[in-house]
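Take a look at the structure set out below.
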Amino acid sequence: MARKPSATLTDGEVRLMNILWKKGHATVSEVVAGLPRRPPVAYNTVQTLLRILEDKGYVSHEQVGRRFVYHPSVEQRVARRRALGHLVKSLFDDSPSLLVLNVLDDEGLERSEVERLKKLIGDA
């Protein structure tokens, strides 16, 4: 049974989107070249993921000669907001404050980051 397509980005899709956001546009070959060599990713896999991203509305393409050139259709900050909204809804009972409390309670945060977050909250 096929799994339901995710409205948010998978880890693999994020890797491709980061390349497109950085470059602005790229062919499949350029995306493959932008990925780390380990683990190797096949051209066909990248091509399939770009089609999925297009179905999800994250990228569009134009045909230039025989090649497809892909462009991000969604800005990175919009994708971040979508992912964060999904995270808040699914793991934090649809409560942004619960997410923030968990972040502030994280012992791995540096003191400067905690102070920065507190200032941002105070300014809001």
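In the structure tokens, chains take letters A, B, ... by order of appearance, with residues numbered from 1 within each chain and ligands from 1 in the order shown.
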Nearby residues (only C-alpha atoms) at most 8 Å from Val74 of chain A, same-chain spacing under 3 positions excluded, as a PyMOL selection string: chain A and resi 57-59+78-79
Residues flagged alpha helix (DSSP H) by DSSP in segment 41-110 of chain A, as number ranges by chain: A: 43-56, 76-91, 96-105
Chain A: residues DSSP assigns to strand (DSSP E), reported as a ChimeraX atom specification: /A:26-27,59-64,67-72
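For the pair atom CA of Pro36 of chain A and atom CA of Trp21 of chain A, the separation is 16.3 Å.
Proximity to Leu16 of chain A was assessed for A:Pro72, A:Gly122, A:Pro39, A:Gly65 counting only C-alpha atoms; the smallest distance is recorded for A:Pro72.
Put simply, atom CA of Asp11 of chain A is 27.9 Å away from atom CA of Arg116 of chain A.
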